[in-house]
Amino acid sequence: MKTQNVLILDTSYEKNSLFKDEFCMPIANIINQIPNFKYEIKHYSEKINFENYDKIILSGSALKDFEYLESLNKFEFIKTTLVPILGICAGIQIIAKTYETELKKCKEIEITKTITTKQNKLFEGEFETYSIHNYSIYCPKEFEIIAKSKKGIHGVKHKEKEIYGVLFHPEIKNKEIIEKFINL
Amino acid sequence: MKLAILFSGGKDSNYALFKTAQKHSLVCLISLISENKESYMFQSCGNEFLKLQAKALNLPLIEVKTKGEKETELKDLKKAIKLAIKKYSIEGVVSGAIKSNYQSLRIQNICNDLNLYSINPLWQINEKEYLSELLKNKFEVAIIQIASYPFTKEILGKTINEKIKTELIEISEKYKISCVGEGGEFETFVLDSPMFNKKLQIISSEKIMESENSGHLKIKEIKMENK
């Protein structure tokens, strides 16, 4: 089987920050354990040929870090590429902003109950998730809501493309979601 | 960014300090002195010698006492962090949390309330690689408390070297426990690191056992040596 290449896109405020260790490396460690997959971590400020990858994961970032909002043009590839994308926490916020919807105040710094609202390829039923965010999103019209918590949207999927966003951190308590995504 | 580090004197806070210092300015250490050995948040062993580590690191130490009860210790932690904001204008707090959601979520919440960055450079780190990194970077880490089978008093006071590392990994694989003591299986005290200006040496100590697999090294005297 051909080795697939997963891009982990670091969404934190600068290249090689300590948040790369905190938000990208846990994803990398999961990919490392799955045969036939390798990963590269790149910061969004770098010049990247996104078509060189089989899957793209947008990492989370620190609660206080919204630097990416100043560089949304760097994420325009989300709308044009056909490579499957999974946005995590800041990643789902970036997807929402790229599709021109706003963030919605929603503080969850806790283990949250996430409820699947629409059948999808990544998860099902109710499950506990690790959440650290102050904002959820309004769902862009091109997407459908696939998961919610008591307080807001927890997951969306593009209606036609394999673009997923989750507000919680699957790399902490729901590693199988990362596995299912890279195996799409 | 000016940062404080939550500092227990053990390997995790010292290694987080080492990693952070390569990129940011660390301005103080924060230690919660817990009276509760079962604290979910803070190490209680070796606290009396934190001042010596702070001296070796050449960093000011903010110490706040806590009874170590489940939620009141968080109020004490917040108090200590507020003190660091007032004295050193910190912009963020670093922790050595590795796997504990309990610990990390509570620190994230406090930092969020105080509008500070919460930085966890060891979060979900590969534990075997972490042990190797400690040795590669010449950390001298003494095991000073045990609380789990199959550890016995023989390991108390020993420093982690290649042989102990191999033993820890074998034990973790056989008994399905953490090889870095993340589940409280053992606690450590750092005697030397690349960040220490002077190294520490335990001169006098006593092994105090509560059961065959639970006990601690009561350190009585430590001396500082030039490196």
# chains A, B, ... in the order shown; residues from 1 in each chain; ligands from 1
>>> interface_residues(of="chain A", to="chain B", cutoff="7 Å", atoms="only C-alpha atoms", output="list in words")
Leu18, Asp21, Glu22, Pro26, Lys64, Ile109 and Glu110 of chain A
>>> write_last_selection(atoms="N, CA and C atoms", output="compact mmCIF listing (two decimals), in the first residue's frame")
# COMPACT_ATOMS: atom_id res chain seq x y z
N LEU A 18 5.96 27.09 21.05
CA LEU A 18 5.72 25.96 21.96
C LEU A 18 4.35 25.35 21.72
N ASP A 21 4.30 22.08 19.84
CA ASP A 21 4.44 20.87 20.68
C ASP A 21 3.10 20.49 21.30
N GLU A 22 2.35 21.50 21.69
CA GLU A 22 1.12 21.25 22.45
C GLU A 22 -0.06 20.84 21.55
N PRO A 26 0.70 16.07 19.44
CA PRO A 26 -0.22 14.98 19.81
C PRO A 26 -0.90 14.34 18.59
N LYS A 64 -5.98 32.08 23.87
CA LYS A 64 -5.83 33.53 23.69
C LYS A 64 -5.35 33.91 22.28
N ILE A 109 -14.37 24.95 28.70
CA ILE A 109 -13.01 24.51 29.07
C ILE A 109 -13.24 23.35 30.03
N GLU A 110 -13.49 22.20 29.47
CA GLU A 110 -14.02 21.09 30.28
C GLU A 110 -14.12 19.82 29.44
>>> select_by_dssp(residues="range 3-207 of chain B", states="alpha helix (DSSP H)", output="ChimeraX atom specification")
/B:11-21,50-57,72-88,101-113,127-136,162-175
>>> closest_residue(among="B:Ser25, B:Asn197, B:Thr66, B:Asn58", to="Val94 in chain B", atoms="only C-alpha atoms")
B:Ser25
>>> atom_distance(atom1="CA of Ile145 in chain A", atom2="CA of Ala28 in chain A")
26.8 Å
>>> residues_around(residues="Leu82 in chain A", least_positions_apart="4", cutoff="9 Å", atoms="only C-alpha atoms", output="PyMOL selection string")
chain A and resi 51+78+161-163
>>> atom_distance(atom1="CA of Lys207 in chain B", atom2="CA of Ile143 in chain B")
11.4 Å
>>> residues_around(residues="range 89-101 of chain A", least_positions_apart="4", cutoff="10 Å", atoms="only C-alpha atoms", output="PyMOL selection string")
chain A and resi 9-12+57-63+65-66+68-69+72-79+85+131-143+154-158+163-170
>>> write_last_selection(atoms="N, CA and C atoms", output="short mmCIF file (atom, residue, chain, number, x, y, z; two decimals), in the first residue's frame")
data_model
loop_
_atom_site.label_atom_id
_atom_site.label_comp_id
_atom_site.auth_asym_id
_atom_site.auth_seq_id
_atom_site.Cartn_x
_atom_site.Cartn_y
_atom_site.Cartn_z
N LEU A 9 -1.30 21.33 9.73
CA LEU A 9 -1.06 22.76 9.55
C LEU A 9 -1.15 23.45 10.90
N ASP A 10 -0.03 23.97 11.34
CA ASP A 10 0.08 24.65 12.64
C ASP A 10 -0.59 26.02 12.54
N THR A 11 -1.65 26.22 13.34
CA THR A 11 -2.41 27.48 13.25
C THR A 11 -2.01 28.48 14.34
N SER A 12 -0.96 28.16 15.09
CA SER A 12 -0.60 29.06 16.20
C SER A 12 0.12 30.31 15.69
N ILE A 57 -4.81 18.38 8.17
CA ILE A 57 -5.43 18.62 9.48
C ILE A 57 -5.01 20.01 9.96
N LEU A 58 -6.01 20.86 10.23
CA LEU A 58 -5.72 22.18 10.80
C LEU A 58 -5.70 22.04 12.32
N SER A 59 -4.59 22.37 12.94
CA SER A 59 -4.45 22.15 14.39
C SER A 59 -5.26 23.17 15.19
N GLY A 60 -5.37 22.91 16.49
CA GLY A 60 -5.89 23.92 17.40
C GLY A 60 -4.79 24.90 17.75
N SER A 61 -5.14 25.89 18.58
CA SER A 61 -4.12 26.82 19.07
C SER A 61 -4.53 27.28 20.46
N ALA A 62 -3.72 28.14 21.07
CA ALA A 62 -4.00 28.56 22.45
C ALA A 62 -5.30 29.35 22.53
N LEU A 63 -5.94 29.30 23.71
CA LEU A 63 -7.21 30.00 23.92
C LEU A 63 -7.13 31.48 23.58
N ASP A 65 -5.04 32.89 21.48
CA ASP A 65 -4.37 33.14 20.20
C ASP A 65 -5.38 33.23 19.05
N PHE A 66 -5.58 34.44 18.54
CA PHE A 66 -6.45 34.62 17.37
C PHE A 66 -5.69 35.30 16.24
N TYR A 68 -4.44 34.09 13.69
CA TYR A 68 -4.83 33.59 12.36
C TYR A 68 -5.91 34.45 11.71
N LEU A 69 -6.69 35.16 12.53
CA LEU A 69 -7.76 36.00 11.96
C LEU A 69 -7.17 37.12 11.10
N LEU A 72 -6.29 35.39 7.18
CA LEU A 72 -7.26 34.42 6.63
C LEU A 72 -7.00 34.10 5.16
N ASN A 73 -6.33 35.03 4.46
CA ASN A 73 -6.01 34.76 3.04
C ASN A 73 -5.11 33.52 2.88
N LYS A 74 -4.37 33.18 3.94
CA LYS A 74 -3.50 32.00 3.90
C LYS A 74 -4.31 30.70 3.90
N PHE A 75 -5.58 30.81 4.20
CA PHE A 75 -6.42 29.61 4.30
C PHE A 75 -7.41 29.48 3.15
N GLU A 76 -7.25 30.30 2.12
CA GLU A 76 -8.18 30.26 0.98
C GLU A 76 -8.16 28.90 0.29
N PHE A 77 -7.04 28.15 0.45
CA PHE A 77 -6.94 26.83 -0.18
C PHE A 77 -8.07 25.92 0.27
N ILE A 78 -8.63 26.17 1.44
CA ILE A 78 -9.71 25.31 1.96
C ILE A 78 -10.85 25.25 0.95
N LYS A 79 -11.10 26.37 0.28
CA LYS A 79 -12.23 26.44 -0.65
C LYS A 79 -11.92 25.80 -2.01
N ILE A 85 -10.03 17.64 4.43
CA ILE A 85 -9.53 18.52 5.50
C ILE A 85 -10.30 18.24 6.79
N SER A 131 -12.55 19.73 25.57
CA SER A 131 -12.84 21.01 24.91
C SER A 131 -12.12 22.16 25.59
N ILE A 132 -11.43 22.98 24.82
CA ILE A 132 -10.88 24.24 25.35
C ILE A 132 -11.08 25.34 24.30
N HIS A 133 -12.20 26.05 24.45
CA HIS A 133 -12.47 27.15 23.52
C HIS A 133 -13.37 28.19 24.17
N ASN A 134 -13.28 29.39 23.65
CA ASN A 134 -14.18 30.47 24.08
C ASN A 134 -15.21 30.79 23.01
N TYR A 135 -15.02 30.22 21.81
CA TYR A 135 -15.94 30.50 20.69
C TYR A 135 -16.29 29.23 19.93
N SER A 136 -17.57 29.12 19.57
CA SER A 136 -17.98 28.13 18.58
C SER A 136 -18.19 28.90 17.27
N ILE A 137 -18.98 28.35 16.37
CA ILE A 137 -19.17 29.01 15.07
C ILE A 137 -20.65 29.06 14.71
N TYR A 138 -20.97 29.92 13.77
CA TYR A 138 -22.24 29.80 13.04
C TYR A 138 -21.95 28.93 11.83
N CYS A 139 -22.89 28.03 11.51
CA CYS A 139 -22.62 27.06 10.42
C CYS A 139 -22.71 27.74 9.05
N PRO A 140 -21.64 27.66 8.25
CA PRO A 140 -21.71 28.24 6.89
C PRO A 140 -22.78 27.51 6.06
N LYS A 141 -23.33 28.19 5.07
CA LYS A 141 -24.45 27.59 4.30
C LYS A 141 -24.01 26.38 3.48
N GLU A 142 -22.72 26.30 3.17
CA GLU A 142 -22.21 25.16 2.39
C GLU A 142 -22.03 23.91 3.26
N PHE A 143 -22.21 24.04 4.58
CA PHE A 143 -21.95 22.95 5.53
C PHE A 143 -23.23 22.50 6.22
N HIS A 154 -20.58 21.56 17.63
CA HIS A 154 -19.33 20.87 17.93
C HIS A 154 -18.72 20.21 16.70
N GLY A 155 -19.49 20.12 15.61
CA GLY A 155 -18.93 19.51 14.41
C GLY A 155 -19.73 19.90 13.17
N VAL A 156 -19.02 20.12 12.08
CA VAL A 156 -19.69 20.42 10.80
C VAL A 156 -19.01 19.63 9.69
N LYS A 157 -19.75 19.43 8.59
CA LYS A 157 -19.17 18.81 7.39
C LYS A 157 -19.67 19.55 6.16
N HIS A 158 -18.77 19.74 5.21
CA HIS A 158 -19.16 20.35 3.94
C HIS A 158 -20.18 19.45 3.26
N ILE A 163 -14.71 18.00 3.86
CA ILE A 163 -14.15 19.00 4.78
C ILE A 163 -14.94 18.90 6.08
N TYR A 164 -14.21 18.55 7.14
CA TYR A 164 -14.82 18.40 8.46
C TYR A 164 -14.23 19.44 9.41
N GLY A 165 -15.06 19.86 10.36
CA GLY A 165 -14.53 20.69 11.45
C GLY A 165 -15.09 20.18 12.76
N VAL A 166 -14.23 20.07 13.77
CA VAL A 166 -14.71 19.72 15.12
C VAL A 166 -14.19 20.76 16.10
N LEU A 167 -15.02 21.12 17.06
CA LEU A 167 -14.62 22.15 18.01
C LEU A 167 -13.79 21.55 19.15
N PHE A 168 -14.03 20.28 19.44
CA PHE A 168 -13.29 19.61 20.51
C PHE A 168 -11.94 19.10 19.97
N HIS A 169 -11.14 18.53 20.89
CA HIS A 169 -9.80 18.05 20.51
C HIS A 169 -9.78 16.53 20.44
N PRO A 170 -10.01 15.93 19.28
CA PRO A 170 -10.05 14.47 19.20
C PRO A 170 -8.69 13.83 19.51
#
>>> closest_residue(among="A:Phe50, A:Phe23, A:Tyr13, A:Tyr130", to="Lys113 in chain A", atoms="only C-alpha atoms")
A:Tyr130
>>> closest_residue(among="A:Ser71, A:Ile27, A:Ile8, A:Lys159", to="Lys118 in chain A", atoms="only C-alpha atoms")
A:Lys159
>>> residues_around(residues="Phe123 in chain A", least_positions_apart="5", cutoff="9 Å", atoms="only C-alpha atoms", output="VMD selection string")
chain A and resid 116 176 to 177 180
>>> write_last_selection(atoms="N, CA and C atoms", output="PDB file, in the first residue's frame")
ATOM      1  N   THR A 116     -23.831  13.438  18.405  1.00  0.00           N
ATOM      2  CA  THR A 116     -23.880  13.394  16.939  1.00  0.00           C
ATOM      3  C   THR A 116     -25.294  13.766  16.492  1.00  0.00           C
ATOM      4  N   GLU A 176      -9.568   7.879  17.801  1.00  0.00           N
ATOM      5  CA  GLU A 176     -10.099   7.111  16.672  1.00  0.00           C
ATOM      6  C   GLU A 176     -10.664   8.032  15.583  1.00  0.00           C
ATOM      7  N   ILE A 177     -11.050   9.248  15.958  1.00  0.00           N
ATOM      8  CA  ILE A 177     -11.580  10.187  14.953  1.00  0.00           C
ATOM      9  C   ILE A 177     -10.459  10.592  13.995  1.00  0.00           C
ATOM     10  N   LYS A 180      -9.904   7.603  11.739  1.00  0.00           N
ATOM     11  CA  LYS A 180     -10.937   7.467  10.708  1.00  0.00           C
ATOM     12  C   LYS A 180     -10.770   8.529   9.632  1.00  0.00           C
TER      13      LYS A 180
END
>>> select_by_dssp(residues="range 27-195 of chain B", states="strand (DSSP E or B)", output="PyMOL selection string")
chain B and resi 27-34+61-66+92-94+117-119+140-147+159+186-192
>>> residues_around(residues="Tyr149 in chain B", least_positions_apart="2", cutoff="9 Å", atoms="only C-alpha atoms", output="ChimeraX atom specification")
/B:146-147,151-152,175,185,212-214
